[in-house]
$ cat run07.cif   # mmCIF, C-alpha atoms
data_protein
loop_
_atom_site.label_atom_id
_atom_site.label_comp_id
_atom_site.auth_asym_id
_atom_site.auth_seq_id
_atom_site.Cartn_x
_atom_site.Cartn_y
_atom_site.Cartn_z
CA PHE P 75 7.87 27.87 39.28
CA LEU P 76 5.65 28.33 36.22
CA ASP P 77 8.65 29.21 34.03
CA LEU P 78 10.50 26.16 35.28
CA PHE P 79 7.46 23.97 34.64
CA LEU P 80 7.06 25.34 31.13
CA MET P 81 10.74 24.88 30.41
CA ASP P 82 10.67 21.30 31.65
CA SER P 83 7.43 20.67 29.80
CA LYS P 84 8.92 22.10 26.62
CA LYS P 85 11.90 19.79 26.87
CA SER P 86 9.83 16.69 27.53
CA SER P 87 7.07 17.29 25.00
CA GLN P 88 9.11 19.27 22.48
CA LEU P 89 6.32 21.85 22.32
CA TYR P 90 7.55 24.74 20.22
CA LEU P 91 5.53 27.76 19.10
CA GLY P 92 2.26 25.95 19.73
CA TRP P 93 3.05 22.70 17.92
CA TYR P 94 4.89 19.55 18.82
CA ASN P 95 8.40 19.52 17.51
CA GLU P 96 8.25 15.94 16.23
CA SER P 97 11.79 14.84 15.54
CA LYS P 98 11.31 11.29 14.29
CA LYS P 99 11.94 10.66 10.62
CA LEU P 100 10.34 8.22 8.25
CA THR P 101 13.88 7.32 7.19
CA ASP P 102 14.50 5.99 10.71
CA PHE P 103 12.40 2.94 9.81
CA ASN P 104 13.20 0.07 7.47
CA SER P 105 11.15 -0.33 4.28
CA SER P 106 8.97 -3.08 5.78
CA LYS P 107 8.03 -0.88 8.75
CA ILE P 108 7.38 2.10 6.44
CA SER P 109 5.01 -0.04 4.36
CA GLN P 110 3.19 -1.21 7.50
CA ILE P 111 2.83 2.34 8.88
CA THR P 112 1.66 3.67 5.52
CA SER P 113 -0.94 0.95 5.04
CA GLN P 114 -2.31 1.54 8.54
CA ASN P 115 -2.55 5.29 7.91
CA THR P 116 -4.18 4.92 4.50
CA GLN P 117 -6.65 2.24 5.52
CA GLY P 118 -7.45 4.07 8.73
CA HIS P 119 -8.32 7.24 6.83
CA PHE P 120 -10.18 5.81 3.86
CA LYS P 121 -11.14 2.15 4.08
CA GLY P 122 -14.90 1.72 4.01
CA GLN P 123 -15.53 5.44 4.20
CA GLN P 124 -17.17 7.82 1.81
CA LEU P 125 -15.05 10.33 -0.06
CA PHE P 126 -15.52 12.92 2.69
CA ASN P 127 -17.63 13.40 5.78
CA ASP P 128 -20.83 15.33 4.96
CA LYS P 129 -20.93 17.12 8.31
CA THR P 130 -17.31 18.23 8.00
CA MET P 131 -17.88 19.34 4.41
CA ASN P 132 -20.94 21.37 5.41
CA TYR P 133 -18.94 23.21 8.08
CA PHE P 134 -16.13 23.76 5.59
CA LEU P 135 -18.55 25.25 3.04
CA LYS P 136 -20.15 27.46 5.69
CA THR P 137 -16.68 28.79 6.49
CA ILE P 138 -16.14 29.56 2.79
CA GLU P 139 -19.50 31.35 2.67
CA LEU P 140 -18.61 33.39 5.76
CA ALA P 141 -15.27 34.37 4.21
CA LYS P 142 -17.02 35.45 1.01
CA GLN P 143 -19.59 37.51 2.93
CA ASN P 144 -16.72 39.32 4.64
CA ASN P 145 -14.70 39.86 1.45
CA ILE P 146 -11.97 37.47 2.57
CA THR P 147 -10.10 35.52 -0.07
CA SER P 148 -9.75 31.89 1.00
CA VAL P 149 -6.44 30.11 0.64
CA PHE P 150 -6.41 26.35 0.15
CA ILE P 151 -3.32 24.24 0.62
CA SER P 152 -2.91 20.64 -0.41
CA TYR P 153 -0.67 19.26 2.30
CA PRO P 154 2.45 17.27 1.34
CA VAL P 155 2.55 13.52 1.82
CA SER P 156 5.29 11.00 1.23
CA ASN P 157 5.54 8.98 -1.95
CA TYR P 158 4.80 5.92 0.21
CA TYR P 159 1.40 7.36 1.11
CA ASP P 160 0.71 8.24 -2.52
CA TYR P 161 1.57 4.69 -3.54
CA ASP P 162 -0.93 3.32 -1.01
CA LEU P 163 -3.66 5.61 -2.30
CA LEU P 164 -3.14 4.03 -5.71
CA LYS P 165 -2.95 0.56 -4.19
CA TYR P 166 -6.30 1.02 -2.44
CA ASN P 167 -7.83 2.71 -5.51
CA ILE P 168 -8.33 6.03 -3.72
CA SER P 169 -8.51 8.91 -6.17
CA ARG P 170 -6.99 12.15 -5.00
CA ASP P 171 -8.16 13.81 -8.23
CA ARG P 172 -11.74 12.72 -7.61
CA PHE P 173 -11.60 13.99 -4.04
CA TYR P 174 -10.36 17.45 -5.03
CA ALA P 175 -12.72 17.64 -7.99
CA GLU P 176 -15.65 17.11 -5.61
CA VAL P 177 -14.31 19.56 -3.04
CA PHE P 178 -13.68 22.33 -5.56
CA LYS P 179 -16.98 21.69 -7.32
CA SER P 180 -18.66 22.54 -4.01
CA VAL P 181 -16.34 25.47 -3.32
CA ASN P 182 -16.83 26.86 -6.84
CA SER P 183 -20.59 26.84 -6.30
CA ILE P 184 -19.95 29.44 -3.57
CA THR P 185 -16.95 31.39 -4.88
CA THR P 186 -14.11 31.25 -7.37
CA ASP P 187 -12.19 33.95 -5.52
CA TYR P 188 -9.56 31.84 -3.78
CA ASP P 189 -5.92 30.86 -3.99
CA TYR P 190 -4.84 27.24 -4.17
CA TYR P 191 -1.36 25.92 -3.47
CA ASP P 192 -0.73 22.27 -4.25
CA TYR P 193 2.16 20.86 -2.22
CA TYR P 194 1.00 17.25 -2.35
CA SER P 195 4.14 15.87 -4.01
CA LEU P 196 6.53 18.60 -2.85
CA PHE P 197 8.52 16.29 -0.57
CA PHE P 198 8.16 12.96 -2.40
CA ASN P 199 11.96 12.77 -2.54
CA ASN P 200 12.44 13.90 1.07
CA PRO P 201 11.28 11.11 3.41
CA GLU P 202 13.42 12.70 6.13
CA TYR P 203 10.77 15.46 6.32
CA PHE P 204 8.07 13.05 7.55
CA GLY P 205 7.40 11.59 10.99
CA ASP P 206 5.23 8.98 9.28
CA SER P 207 3.89 8.58 5.78
CA ASN P 208 1.54 11.56 5.84
CA HIS P 209 2.62 13.84 8.70
CA LEU P 210 5.55 16.21 8.51
CA ASN P 211 8.13 16.30 11.26
CA TYR P 212 9.71 19.60 12.34
CA LEU P 213 12.11 19.67 9.35
CA GLY P 214 9.25 19.22 6.91
CA ALA P 215 7.01 21.70 8.72
CA GLU P 216 9.71 24.37 8.69
CA ASN P 217 10.47 23.79 4.99
CA LEU P 218 6.78 23.81 4.08
CA SER P 219 6.23 27.03 6.03
CA LYS P 220 9.12 28.72 4.21
CA THR P 221 7.80 27.51 0.85
CA ILE P 222 4.27 28.78 1.57
CA ILE P 223 5.54 32.18 2.71
CA TRP P 224 7.76 32.52 -0.36
CA ASN P 225 4.95 31.53 -2.73
CA ILE P 226 2.42 33.88 -1.16
CA GLN P 227 4.87 36.80 -1.18
CA ASN P 228 5.81 36.15 -4.81
CA ASP P 229 2.34 35.60 -6.26
#
$ encode --input "run07.cif" --output "C-alpha cells"
Amino acid sequence: FLDLFLMDSKKSSQLYLGWYNESKKLTDFNSSKISQITSQNTQGHFKGQQLFNDKTMNYFLKTIELAKQNNITSVFISYPVSNYYDYDLLKYNISRDRFYAEVFKSVNSITTDYDYYDYYSLFFNNPEYFGDSNHLNYLGAENLSKTIIWNIQND
C-alpha cells in the first residue's frame, strides 16, 4: 500500500528526488502576464525591506564561522534568474552589486577561503528554464546542476 501511495503521490505532486518537478515554463505565459508575475515577485521580495534580514545574515555568518572552524571550504552560488527579473530589479532600483558587496564584505571578515560561482545571468536567454521569473523549473534545475558539477570538477 505504501508503495502504491508513494507512486500515486509522485504522479500527482511530481515529487522527484526530494524536490518538486515543476513543469510549467515562463514561456507558457504572454508578455503581459510575465511582467505581472515578475513585478509581484520583485516587489514581494524587496519593496520596503532592508537589503537583507539581520537575523538571517547572522545565522548565515555563524554557518561560515562553523565551516571555517572545521576546515571546510564554503561554496557560494548566485542562483540564476530570468532577464525579466533582472529588468525589474533595475526598474525598482534594487542593486544586486550592492547586495553582494555587503554580503561578501561580511563573509570576508570571517574567511576568504571560499569558492564563488555566479550563475545569475546564465539563463537570461532561456525563459523555458523558469517556472516564474526567478525560480527554475525542472529543465532549468537539471541544466544548472550539470553546469555546477562540471564547473566544480574542472576548477
$ atom_distance --input "run07.cif" --atom1 "CA of Lys179 in chain P" --atom2 "CA of Thr130 in chain P"
15.7 Å
$ resolve_selection --input "run07.cif" --expression "the PyMOL selection byres ((chain P and resi 191) around 7)" --output "ChimeraX atom specification"
/P:150-152,189-190,192-193
$ write_last_selection --input "run07.cif" --atoms "C-alpha atoms" --output "PDB file, keeping the file's coordinate frame"
ATOM      1  CA  PHE P 150      -6.410  26.350   0.150  1.00  0.00           C
ATOM      2  CA  ILE P 151      -3.320  24.240   0.620  1.00  0.00           C
ATOM      3  CA  SER P 152      -2.910  20.640  -0.410  1.00  0.00           C
ATOM      4  CA  ASP P 189      -5.920  30.860  -3.990  1.00  0.00           C
ATOM      5  CA  TYR P 190      -4.840  27.240  -4.170  1.00  0.00           C
ATOM      6  CA  ASP P 192      -0.730  22.270  -4.250  1.00  0.00           C
ATOM      7  CA  TYR P 193       2.160  20.860  -2.220  1.00  0.00           C
TER       8      TYR P 193
END
$ residues_around --input "run07.cif" --residues "Val155 in chain P" --least-positions-apart "5" --cutoff "10 Å" --atoms "all atoms listed in the file" --output "PDB file with C-alpha atoms, in the frame of the given file"
ATOM      1  CA  ASP P 160       0.710   8.240  -2.520  1.00  0.00           C
ATOM      2  CA  TYR P 193       2.160  20.860  -2.220  1.00  0.00           C
ATOM      3  CA  TYR P 194       1.000  17.250  -2.350  1.00  0.00           C
ATOM      4  CA  SER P 195       4.140  15.870  -4.010  1.00  0.00           C
ATOM      5  CA  LEU P 196       6.530  18.600  -2.850  1.00  0.00           C
ATOM      6  CA  PHE P 197       8.520  16.290  -0.570  1.00  0.00           C
ATOM      7  CA  PHE P 198       8.160  12.960  -2.400  1.00  0.00           C
ATOM      8  CA  ASN P 200      12.440  13.900   1.070  1.00  0.00           C
ATOM      9  CA  PRO P 201      11.280  11.110   3.410  1.00  0.00           C
ATOM     10  CA  TYR P 203      10.770  15.460   6.320  1.00  0.00           C
ATOM     11  CA  PHE P 204       8.070  13.050   7.550  1.00  0.00           C
ATOM     12  CA  ASP P 206       5.230   8.980   9.280  1.00  0.00           C
ATOM     13  CA  SER P 207       3.890   8.580   5.780  1.00  0.00           C
ATOM     14  CA  ASN P 208       1.540  11.560   5.840  1.00  0.00           C
ATOM     15  CA  HIS P 209       2.620  13.840   8.700  1.00  0.00           C
ATOM     16  CA  LEU P 210       5.550  16.210   8.510  1.00  0.00           C
TER      17      LEU P 210
END
$ atom_distance --input "run07.cif" --atom1 "CA of Ile223 in chain P" --atom2 "CA of Ile146 in chain P"
18.3 Å
$ atom_distance --input "run07.cif" --atom1 "CA of Ala141 in chain P" --atom2 "CA of Asp171 in chain P"
25.1 Å
$ closest_residue --input "run07.cif" --among "P:Glu216, P:Trp224, P:Val177, P:Asn211" --to "Asp128 in chain P" --atoms "all atoms listed in the file"
P:Val177
$ residues_around --input "run07.cif" --residues "Ser180 in chain P" --least-positions-apart "2" --cutoff "12 Å" --atoms "all atoms listed in the file" --output "list in words"
Asp128, Met131, Asn132, Phe134, Leu135, Lys136, Ile138, Glu139, Phe173, Tyr174, Ala175, Glu176, Val177, Phe178, Asn182, Ser183, Ile184, Thr185 and Thr186 of chain P
$ closest_residue --input "run07.cif" --among "P:Gln143, P:Ile168, P:Thr221, P:Glu202" --to "Ser156 in chain P" --atoms "all atoms listed in the file"
P:Glu202
$ closest_residue --input "run07.cif" --among "P:Phe126, P:Tyr153, P:Tyr133, P:Tyr188" --to "Ser219 in chain P" --atoms "all atoms listed in the file"
P:Tyr153
$ closest_residue --input "run07.cif" --among "P:Asn127, P:Asn228, P:Thr147, P:Asn199" --to "Asp187 in chain P" --atoms "only C-alpha atoms"
P:Thr147
